[in-house]
$ cat structure-v3.tsv   # TSV, C-alpha atoms and all ligand atoms
chain	number	residue	atom	x	y	z
A	172	MET	CA	22.27	-115.78	95.89
A	173	ALA	CA	19.80	-117.21	98.37
A	174	ILE	CA	21.05	-118.00	101.88
A	175	PRO	CA	19.62	-120.07	104.72
A	176	THR	CA	18.98	-118.52	108.13
A	177	GLU	CA	17.25	-119.88	111.22
A	178	THR	CA	14.19	-117.71	110.44
A	179	VAL	CA	13.52	-117.84	106.68
A	180	TYR	CA	15.68	-117.99	103.53
A	181	GLY	CA	17.09	-114.65	102.40
A	182	LEU	CA	18.00	-113.22	99.02
A	183	ALA	CA	21.45	-111.81	99.65
A	184	ALA	CA	23.59	-109.13	98.06
A	185	ASN	CA	26.58	-107.02	99.06
A	186	ALA	CA	24.87	-104.41	101.23
A	187	LEU	CA	27.43	-101.78	100.25
A	188	ASP	CA	27.05	-102.29	96.48
A	189	ILE	CA	24.11	-100.35	95.04
A	190	ASN	CA	23.98	-102.41	91.83
A	191	ALA	CA	23.79	-105.68	93.74
A	192	VAL	CA	21.10	-104.30	96.06
A	193	THR	CA	19.12	-103.03	93.06
A	194	ARG	CA	19.09	-106.58	91.64
A	195	VAL	CA	17.53	-107.85	94.88
A	196	PHE	CA	14.67	-105.36	94.58
A	197	GLU	CA	14.17	-106.40	90.93
A	198	VAL	CA	14.21	-110.15	91.52
A	199	LYS	CA	11.71	-109.85	94.39
A	200	ASN	CA	9.58	-107.35	92.54
A	201	ARG	CA	9.86	-105.35	95.72
A	202	PRO	CA	8.99	-101.65	95.91
A	203	SER	CA	12.00	-99.50	96.78
A	204	PHE	CA	10.17	-98.01	99.80
A	205	ASP	CA	10.53	-101.37	101.58
A	206	PRO	CA	14.03	-101.41	103.16
A	207	LEU	CA	16.32	-104.42	103.60
A	208	ILE	CA	17.89	-106.06	106.65
A	209	VAL	CA	21.69	-106.06	106.78
A	210	HIS	CA	23.28	-109.31	108.00
A	211	ILE	CA	26.63	-109.39	109.80
A	212	ALA	CA	28.69	-112.16	111.43
A	213	ASP	CA	30.10	-110.30	114.39
A	214	ILE	CA	28.82	-107.62	116.75
A	215	LYS	CA	32.08	-105.70	116.12
A	216	ALA	CA	30.91	-105.07	112.55
A	217	LEU	CA	28.38	-102.62	114.04
A	218	ASP	CA	31.16	-100.03	114.47
A	219	SER	CA	31.53	-99.40	110.75
A	220	LEU	CA	27.77	-99.38	110.04
A	221	VAL	CA	26.06	-97.48	112.86
A	222	LEU	CA	26.60	-94.24	114.78
A	223	SER	CA	25.53	-95.61	118.17
A	224	THR	CA	23.73	-98.47	119.87
A	225	PRO	CA	21.35	-97.47	122.69
A	226	GLU	CA	21.95	-99.51	125.83
A	227	PRO	CA	18.74	-101.59	125.84
A	228	LEU	CA	19.39	-102.62	122.23
A	229	MET	CA	23.01	-103.47	122.99
A	230	LYS	CA	21.81	-105.70	125.82
A	231	LEU	CA	19.45	-107.47	123.44
A	232	ALA	CA	22.21	-107.94	120.88
A	233	GLN	CA	24.58	-109.38	123.44
A	234	GLN	CA	21.97	-111.79	124.73
A	235	PHE	CA	20.16	-112.89	121.56
A	236	TRP	CA	22.66	-112.65	118.68
A	237	PRO	CA	23.14	-114.75	116.68
A	238	GLY	CA	19.38	-115.16	116.58
A	239	PRO	CA	15.97	-114.05	115.29
A	240	LEU	CA	16.37	-110.42	116.36
A	241	THR	CA	16.81	-107.36	114.12
A	242	LEU	CA	17.80	-103.97	115.55
A	243	LEU	CA	17.03	-100.59	114.00
A	244	LEU	CA	20.08	-98.37	114.57
A	245	PRO	CA	21.19	-94.92	113.32
A	246	LYS	CA	23.20	-95.59	110.18
A	247	LYS	CA	26.57	-94.30	109.07
A	248	THR	CA	26.89	-92.91	105.53
A	249	LEU	CA	28.65	-96.12	104.41
A	250	VAL	CA	25.23	-97.80	104.33
A	251	PRO	CA	23.54	-96.83	101.03
A	252	ASP	CA	20.20	-95.01	101.29
A	253	LEU	CA	18.78	-97.62	98.92
A	254	VAL	CA	19.21	-100.28	101.62
A	255	THR	CA	17.24	-98.26	104.18
A	256	SER	CA	14.81	-96.69	101.69
A	257	GLY	CA	16.07	-93.30	102.72
A	258	SER	CA	15.61	-93.86	106.45
A	259	GLU	CA	18.25	-92.68	108.92
A	260	ARG	CA	18.02	-96.09	110.58
A	261	VAL	CA	19.43	-99.35	109.29
A	262	ALA	CA	18.06	-102.79	110.25
A	263	ILE	CA	20.82	-105.19	111.32
A	264	ARG	CA	21.03	-108.74	112.61
A	265	ILE	CA	23.39	-111.68	113.11
A	266	PRO	CA	21.58	-114.76	111.79
A	267	ASN	CA	22.01	-118.09	113.56
A	268	HIS	CA	22.87	-120.55	110.83
A	269	PRO	CA	26.30	-122.20	110.58
A	270	LEU	CA	26.55	-122.01	106.77
A	271	THR	CA	25.55	-118.37	106.56
A	272	LEU	CA	27.73	-117.38	109.52
A	273	ALA	CA	30.69	-119.06	107.80
A	274	LEU	CA	29.83	-117.26	104.56
A	275	LEU	CA	29.57	-113.87	106.32
A	276	GLN	CA	32.88	-114.48	108.10
A	277	SER	CA	34.59	-115.11	104.76
A	278	LEU	CA	33.35	-111.83	103.27
A	279	ASP	CA	34.65	-108.33	103.92
A	280	PHE	CA	31.21	-106.78	103.46
A	281	PRO	CA	27.77	-107.32	105.07
A	282	LEU	CA	24.86	-108.92	103.21
A	283	ALA	CA	21.56	-107.15	102.66
A	284	ALA	CA	18.89	-109.84	102.52
A	285	PRO	CA	15.11	-109.67	102.46
A	286	SER	CA	13.14	-112.89	102.63
A	287	ALA	CA	13.61	-114.80	99.36
A	288	ASN	CA	9.99	-114.71	98.18
A	289	PRO	CA	8.17	-112.61	95.60
A	290	PHE	CA	6.88	-109.45	97.32
A	291	GLY	CA	3.72	-110.11	99.31
A	292	TYR	CA	3.83	-113.92	99.23
A	293	ILE	CA	4.66	-116.40	102.00
A	294	SER	CA	8.33	-116.44	103.10
A	295	PRO	CA	10.43	-119.51	102.15
A	296	THR	CA	11.57	-121.93	104.84
A	297	THR	CA	13.35	-124.44	102.57
A	298	ALA	CA	15.71	-124.16	99.59
A	299	GLN	CA	13.01	-125.83	97.50
A	300	HIS	CA	10.54	-123.03	98.31
A	301	VAL	CA	13.07	-120.52	96.96
A	302	GLN	CA	13.66	-122.61	93.84
A	303	ASP	CA	9.91	-123.01	93.24
A	304	GLN	CA	9.27	-119.30	93.40
A	305	LEU	CA	12.30	-117.41	92.25
A	306	GLY	CA	13.87	-120.23	90.17
A	307	GLU	CA	15.96	-118.96	87.26
A	308	ALA	CA	16.20	-115.45	88.70
A	309	VAL	CA	18.47	-116.67	91.51
A	310	PRO	CA	21.81	-118.04	90.24
A	311	TYR	CA	22.68	-119.90	93.44
A	312	ILE	CA	20.80	-121.24	96.45
A	313	LEU	CA	22.82	-122.28	99.49
A	314	ASP	CA	20.82	-125.21	100.88
A	315	GLY	CA	21.01	-125.19	104.67
A	316	GLY	CA	18.02	-127.45	105.28
A	317	PRO	CA	14.65	-126.42	106.71
A	318	CYS	CA	14.66	-123.23	108.83
A	319	GLN	CA	14.70	-124.05	112.53
A	320	VAL	CA	12.60	-121.08	113.71
A	321	GLY	CA	10.39	-120.58	110.66
A	322	LEU	CA	9.20	-117.00	111.37
A	323	GLU	CA	11.02	-113.81	110.38
A	324	SER	CA	13.11	-112.01	112.97
A	325	THR	CA	11.58	-109.73	115.59
A	326	ILE	CA	12.39	-106.09	114.74
A	327	VAL	CA	13.21	-103.74	117.63
A	328	GLY	CA	14.18	-100.05	117.69
A	329	MET	CA	13.95	-97.04	119.99
A	330	GLU	CA	11.45	-94.18	119.94
A	331	ASP	CA	11.72	-91.37	122.52
A	332	ASN	CA	14.04	-93.60	124.55
A	333	ILE	CA	11.49	-96.41	124.67
A	334	PRO	CA	12.18	-99.79	123.04
A	335	VAL	CA	9.60	-100.58	120.37
A	336	VAL	CA	8.83	-103.91	118.69
A	337	TYR	CA	7.97	-103.06	115.08
A	338	ARG	CA	7.46	-106.62	113.88
A	339	LYS	CA	6.68	-109.62	116.04
A	340	GLY	CA	8.82	-112.57	115.06
A	341	GLY	CA	11.00	-115.49	116.02
A	342	LEU	CA	12.11	-113.96	119.32
A	343	SER	CA	9.15	-113.59	121.67
A	344	VAL	CA	8.17	-110.27	123.25
A	345	GLU	CA	8.33	-112.06	126.62
A	346	SER	CA	12.01	-112.95	126.07
A	347	ILE	CA	12.78	-109.33	125.22
A	348	GLU	CA	10.87	-107.93	128.20
A	349	SER	CA	12.51	-110.35	130.60
A	350	LEU	CA	15.85	-108.78	129.70
A	351	ILE	CA	15.08	-105.05	129.26
A	352	GLY	CA	11.66	-104.55	130.85
A	353	PRO	CA	8.40	-103.41	129.23
A	354	VAL	CA	8.47	-102.54	125.54
A	355	LYS	CA	5.92	-100.95	123.24
A	356	VAL	CA	4.56	-103.37	120.65
A	357	MET	CA	3.29	-101.85	117.41
A	358	ALA	CA	-0.20	-102.79	116.25
A	359	GLN	CA	-0.65	-105.43	113.59
A	360	SER	CA	-1.11	-103.21	110.60
A	361	SER	CA	-1.41	-99.59	109.67
A	362	SER	CA	-2.14	-97.73	106.46
A	363	ARG	CA	1.15	-95.88	106.59
A	364	PRO	CA	3.43	-98.53	107.97
A	365	GLU	CA	6.66	-97.60	109.72
A	366	ALA	CA	8.04	-101.03	108.82
A	367	PRO	CA	6.54	-102.19	105.54
A	368	GLY	CA	6.53	-105.77	106.85
A	369	MET	CA	3.50	-104.24	108.53
A	370	LEU	CA	1.62	-103.98	105.23
A	371	HIS	CA	-1.69	-105.71	105.56
A	372	SER	CA	-1.75	-108.22	102.72
A	373	HIS	CA	1.70	-109.56	103.39
A	374	TYR	CA	2.63	-113.23	103.83
A	375	ALA	CA	-0.52	-114.08	101.87
A	376	PRO	CA	-1.34	-117.30	100.03
A	377	ARG	CA	-3.10	-116.96	96.65
A	378	LYS	CA	-6.20	-118.75	97.89
A	379	ARG	CA	-8.56	-116.89	100.17
A	380	LEU	CA	-7.82	-117.67	103.79
A	381	TYR	CA	-10.53	-117.29	106.43
A	382	LEU	CA	-9.50	-117.03	110.05
A	383	GLY	CA	-11.82	-117.99	112.89
A	384	ASP	CA	-13.25	-120.89	114.84
A	385	ILE	CA	-12.61	-124.01	112.73
A	386	ASP	CA	-15.88	-125.72	113.61
A	387	ILE	CA	-17.96	-122.64	112.80
A	388	LEU	CA	-16.06	-122.06	109.54
A	389	LEU	CA	-16.52	-125.74	108.60
A	390	ASN	CA	-20.21	-125.27	109.09
A	391	ASN	CA	-20.30	-122.04	107.03
A	392	PHE	CA	-18.42	-123.58	104.13
A	393	GLN	CA	-20.30	-126.85	103.79
A	394	GLY	CA	-20.19	-128.04	100.19
A	395	ASN	CA	-16.77	-126.44	99.55
A	396	LYS	CA	-13.44	-128.15	99.22
A	397	LEU	CA	-11.35	-126.83	102.08
A	398	GLY	CA	-7.72	-126.64	103.10
A	399	ILE	CA	-7.74	-126.63	106.89
A	400	LEU	CA	-4.97	-125.35	109.14
A	401	THR	CA	-5.47	-126.28	112.79
A	402	PHE	CA	-3.44	-126.18	115.97
A	403	ASN	CA	-3.67	-129.05	118.41
A	404	HIS	CA	-7.21	-129.78	117.20
A	405	LEU	CA	-8.48	-132.91	115.48
A	406	VAL	CA	-10.41	-132.42	112.23
A	407	GLN	CA	-11.37	-135.39	110.07
A	408	GLN	CA	-9.59	-135.59	106.72
A	409	ASN	CA	-11.91	-136.66	103.87
A	410	GLU	CA	-12.54	-136.11	100.13
A	411	THR	CA	-13.44	-132.46	100.65
A	412	ASN	CA	-11.13	-131.57	103.55
A	413	TYR	CA	-7.34	-131.43	103.38
A	414	VAL	CA	-6.19	-131.00	106.97
A	415	LEU	CA	-2.82	-129.96	108.42
A	416	ASP	CA	-2.21	-129.55	112.15
A	417	LEU	CA	0.55	-127.03	112.97
A	418	SER	CA	1.38	-128.97	116.10
A	419	PRO	CA	-0.72	-131.96	117.19
A	420	SER	CA	0.98	-131.77	120.61
A	421	GLY	CA	0.31	-128.02	121.02
A	422	ASP	CA	3.95	-126.90	120.79
A	423	LEU	CA	4.21	-123.28	119.54
A	424	SER	CA	7.84	-123.64	118.36
A	425	GLU	CA	6.83	-126.58	116.20
A	426	ALA	CA	3.85	-124.59	114.92
A	427	ALA	CA	6.14	-121.67	113.98
A	428	ARG	CA	8.46	-124.04	112.11
A	429	ASN	CA	5.54	-125.53	110.17
A	430	LEU	CA	3.48	-122.39	109.50
A	431	PHE	CA	4.78	-121.10	106.16
A	432	GLY	CA	5.40	-124.55	104.65
A	433	TYR	CA	1.90	-125.69	105.57
A	434	LEU	CA	0.32	-122.52	104.14
A	435	ARG	CA	2.15	-123.21	100.87
A	436	THR	CA	1.04	-126.84	100.82
A	437	LEU	CA	-2.58	-125.84	101.41
A	438	ASP	CA	-2.33	-123.14	98.74
A	439	GLN	CA	-1.27	-125.84	96.26
A	440	GLN	CA	-4.18	-128.20	96.96
A	441	ALA	CA	-7.27	-128.38	94.78
A	442	VAL	CA	-9.35	-126.56	97.38
A	443	ASP	CA	-11.70	-123.56	97.16
A	444	PHE	CA	-10.57	-121.83	100.35
A	445	ILE	CA	-8.24	-122.20	103.27
A	446	ILE	CA	-9.66	-121.96	106.78
A	447	ALA	CA	-7.47	-121.53	109.84
A	448	SER	CA	-7.73	-120.82	113.54
A	449	LYS	CA	-5.51	-118.66	115.70
A	450	VAL	CA	-3.10	-120.26	118.15
A	451	PRO	CA	-2.72	-119.33	121.86
A	452	ASP	CA	-1.61	-115.68	122.01
A	453	HIS	CA	1.61	-115.94	124.00
A	454	GLY	CA	5.29	-116.53	123.19
A	455	LEU	CA	5.76	-117.33	119.50
A	456	GLY	CA	1.98	-117.60	119.25
A	457	LYS	CA	1.78	-113.79	118.98
A	458	ALA	CA	3.93	-113.77	115.85
A	459	ILE	CA	2.08	-116.77	114.39
A	460	ASN	CA	-1.26	-115.00	114.91
A	461	ASP	CA	0.17	-111.82	113.38
A	462	ARG	CA	1.14	-113.73	110.19
A	463	LEU	CA	-2.20	-115.57	110.08
A	464	THR	CA	-4.10	-112.30	110.44
A	465	ARG	CA	-2.17	-110.74	107.60
A	466	ALA	CA	-2.59	-113.83	105.42
A	467	ALA	CA	-6.36	-113.71	106.01
A	468	PHE	CA	-8.76	-112.47	103.34
A	469	ILE	CA	-10.97	-111.03	106.06
A	470	ALA	CA	-9.13	-110.46	109.31
A	501	LIG	O1	14.25	-113.07	109.63
A	501	LIG	C1	14.38	-112.12	108.87
A	501	LIG	O2	14.36	-110.95	109.26
A	501	LIG	C2	14.59	-112.43	107.39
A	501	LIG	C3	15.94	-113.13	107.20
A	501	LIG	C4	16.31	-113.35	105.77
A	501	LIG	O3	16.91	-112.42	107.88
A	501	LIG	N1	14.50	-111.26	106.60
A	501	LIG	C5	13.34	-110.62	106.40
A	501	LIG	O4	13.46	-109.56	105.53
A	501	LIG	O5	12.29	-110.96	106.88
A	501	LIG	P1	12.23	-108.81	104.87
A	501	LIG	O6	12.87	-107.87	103.92
A	501	LIG	O7	11.28	-109.76	104.32
A	501	LIG	O8	11.61	-107.99	106.01
A	501	LIG	C6	12.36	-106.96	106.57
A	501	LIG	C7	11.50	-106.00	107.29
A	501	LIG	C8	10.70	-105.22	106.30
A	501	LIG	O9	9.36	-105.16	106.69
A	501	LIG	C9	11.32	-103.87	106.37
A	501	LIG	O10	10.42	-102.87	106.18
A	501	LIG	C10	11.89	-103.81	107.78
A	501	LIG	O11	12.34	-105.10	107.99
A	501	LIG	N2	13.02	-102.93	107.75
A	501	LIG	C11	14.20	-103.13	107.15
A	501	LIG	N3	14.98	-102.05	107.24
A	501	LIG	C12	14.28	-101.14	107.93
A	501	LIG	C13	14.55	-99.79	108.34
A	501	LIG	N4	15.69	-99.19	108.03
A	501	LIG	N5	13.59	-99.15	109.03
A	501	LIG	C14	12.42	-99.75	109.33
A	501	LIG	N6	12.10	-101.01	108.96
A	501	LIG	C15	13.02	-101.69	108.28
A	502	MG	MG	9.64	-110.56	103.68
$ encode --input "structure-v3.tsv" --output "structure tokens" --more "lines below"
Ligand code: TXA
Ligand code: MG
Amino acid sequence: MAIPTETVYGLAANALDINAVTRVFEVKNRPSFDPLIVHIADIKALDSLVLSTPEPLMKLAQQFWPGPLTLLLPKKTLVPDLVTSGSERVAIRIPNHPLTLALLQSLDFPLAAPSANPFGYISPTTAQHVQDQLGEAVPYILDGGPCQVGLESTIVGMEDNIPVVYRKGGLSVESIESLIGPVKVMAQSSSRPEAPGMLHSHYAPRKRLYLGDIDILLNNFQGNKLGILTFNHLVQQNETNYVLDLSPSGDLSEAARNLFGYLRTLDQQAVDFIIASKVPDHGLGKAINDRLTRAAFIA
């Protein structure tokens, strides 16, 4: 079934049941080398799933759970290798959505849930997005309304006793550093990704998306029908331009909430290309820019 979270909708299965987890990989058309995040309702559930929780990560959990934070922790054998794609670490989080928390509390097993989109496409932030894309393949969608954060969780683990952010997301690096001090932030993409959410052409619309200065791009693409994604920047809508502003008031939280839905809407317009500009590179802006860069045809 699909479940709402504050970040994006997930496609959930009993994390301890290999057959159920296999179905998730099939429905998403997801390669088995891309591991799943395990969702729990209570920090106490960590005891049965992980061997230990390094202190900085425990601090983060206590401060930011439930919330858009995923921790990579050394797994116990109870967690199937399929869930972690053979890794010794399992990704775990407590999502912050009342329906899903109530669901998790009623179950005696955790839920493995990747984002409920076909592999490589934009993550869903409403129940309708899930229905549009996975439709028949998902027997049940729990409709919890539009996602309040709108970006996937921030993934944090330890390497050589140093906290590392593997995926920028709905919890800002600044919030993390204000609690545990400086962290290492992994680069945007790599050819052999440690976290496959780091794959380059991830979160991508089907139309080509060009990222840059909107006014220059507008000039370059004269004569084309364009979908335009701006941030706090006025562009005239006309017969050839379909314009969406992530946040007319310049609010990065609002922009994060709107990002994936707006990309979908632009992808569905009768336009030749999508053009977009980056947002200010601080707070949630870092994660927004990360997703835009990976959605871009030419980064
Ligand atoms: O906000 C979220 O995290 C959403 C909601 C549904 O919770 N889930 C989500 O899942 O974004 P997904 O599968 O689309 O992305 C999970 C990322 C993947 O890039 C995966 O590689 C990484 O987490 N990941 C999961 N388990 C891992 C592990 N054991 N080691 C390293 N990376 C892991
Ligand atoms: Mg995903």
$ atom_distance --input "structure-v3.tsv" --atom1 "atom CA of A:Leu455" --atom2 "atom MG of ligand MG 502 (chain A)"
17.6 Å
$ residues_near_ligand --input "structure-v3.tsv" --ligand "ligand LIG 501 (chain A)" --cutoff "7 Å" --atoms "all atoms listed in the file" --output "MDAnalysis selection string"
chainID A and resid 176 178:182 205:208 239 241 243 255:256 258 260:262 266 284:286 322:324 326 365:369
$ residues_around --input "structure-v3.tsv" --residues "A:Gly238" --least-positions-apart "4" --cutoff "12 Å" --atoms "all atoms listed in the file" --output "PDB file with C-alpha atoms, in the coordinates of the input"
ATOM      1  CA  THR A 176      18.980-118.520 108.130  1.00  0.00           C
ATOM      2  CA  GLU A 177      17.250-119.880 111.220  1.00  0.00           C
ATOM      3  CA  THR A 178      14.190-117.710 110.440  1.00  0.00           C
ATOM      4  CA  VAL A 179      13.520-117.840 106.680  1.00  0.00           C
ATOM      5  CA  HIS A 210      23.280-109.310 108.000  1.00  0.00           C
ATOM      6  CA  ILE A 211      26.630-109.390 109.800  1.00  0.00           C
ATOM      7  CA  ALA A 212      28.690-112.160 111.430  1.00  0.00           C
ATOM      8  CA  ASP A 213      30.100-110.300 114.390  1.00  0.00           C
ATOM      9  CA  LEU A 231      19.450-107.470 123.440  1.00  0.00           C
ATOM     10  CA  ALA A 232      22.210-107.940 120.880  1.00  0.00           C
ATOM     11  CA  GLN A 233      24.580-109.380 123.440  1.00  0.00           C
ATOM     12  CA  GLN A 234      21.970-111.790 124.730  1.00  0.00           C
ATOM     13  CA  LEU A 242      17.800-103.970 115.550  1.00  0.00           C
ATOM     14  CA  ILE A 263      20.820-105.190 111.320  1.00  0.00           C
ATOM     15  CA  ARG A 264      21.030-108.740 112.610  1.00  0.00           C
ATOM     16  CA  ILE A 265      23.390-111.680 113.110  1.00  0.00           C
ATOM     17  CA  PRO A 266      21.580-114.760 111.790  1.00  0.00           C
ATOM     18  CA  ASN A 267      22.010-118.090 113.560  1.00  0.00           C
ATOM     19  CA  HIS A 268      22.870-120.550 110.830  1.00  0.00           C
ATOM     20  CA  PRO A 269      26.300-122.200 110.580  1.00  0.00           C
ATOM     21  CA  LEU A 272      27.730-117.380 109.520  1.00  0.00           C
ATOM     22  CA  GLN A 319      14.700-124.050 112.530  1.00  0.00           C
ATOM     23  CA  VAL A 320      12.600-121.080 113.710  1.00  0.00           C
ATOM     24  CA  LEU A 322       9.200-117.000 111.370  1.00  0.00           C
ATOM     25  CA  GLU A 323      11.020-113.810 110.380  1.00  0.00           C
ATOM     26  CA  SER A 324      13.110-112.010 112.970  1.00  0.00           C
ATOM     27  CA  THR A 325      11.580-109.730 115.590  1.00  0.00           C
ATOM     28  CA  ILE A 326      12.390-106.090 114.740  1.00  0.00           C
ATOM     29  CA  GLY A 340       8.820-112.570 115.060  1.00  0.00           C
ATOM     30  CA  GLY A 341      11.000-115.490 116.020  1.00  0.00           C
ATOM     31  CA  LEU A 342      12.110-113.960 119.320  1.00  0.00           C
ATOM     32  CA  SER A 343       9.150-113.590 121.670  1.00  0.00           C
TER      33      SER A 343
END
$ closest_residue --input "structure-v3.tsv" --among "A:Val356, A:Pro245, A:Thr271, A:Thr296" --to "ligand MG 502 (chain A)" --atoms "only C-alpha atoms and all ligand atoms"
A:Thr296
$ closest_residue --input "structure-v3.tsv" --among "A:Phe402, A:Thr464, A:Val344, A:Leu417" --to "A:Pro451" --atoms "all atoms listed in the file"
A:Phe402
$ atom_distance --input "structure-v3.tsv" --atom1 "atom CA of A:Gly432" --atom2 "atom CA of A:Val301"
11.6 Å
$ closest_residue --input "structure-v3.tsv" --among "A:Val414, A:Leu437, A:Cys318, A:Val336" --to "A:Ala458" --atoms "all atoms listed in the file"
A:Val336
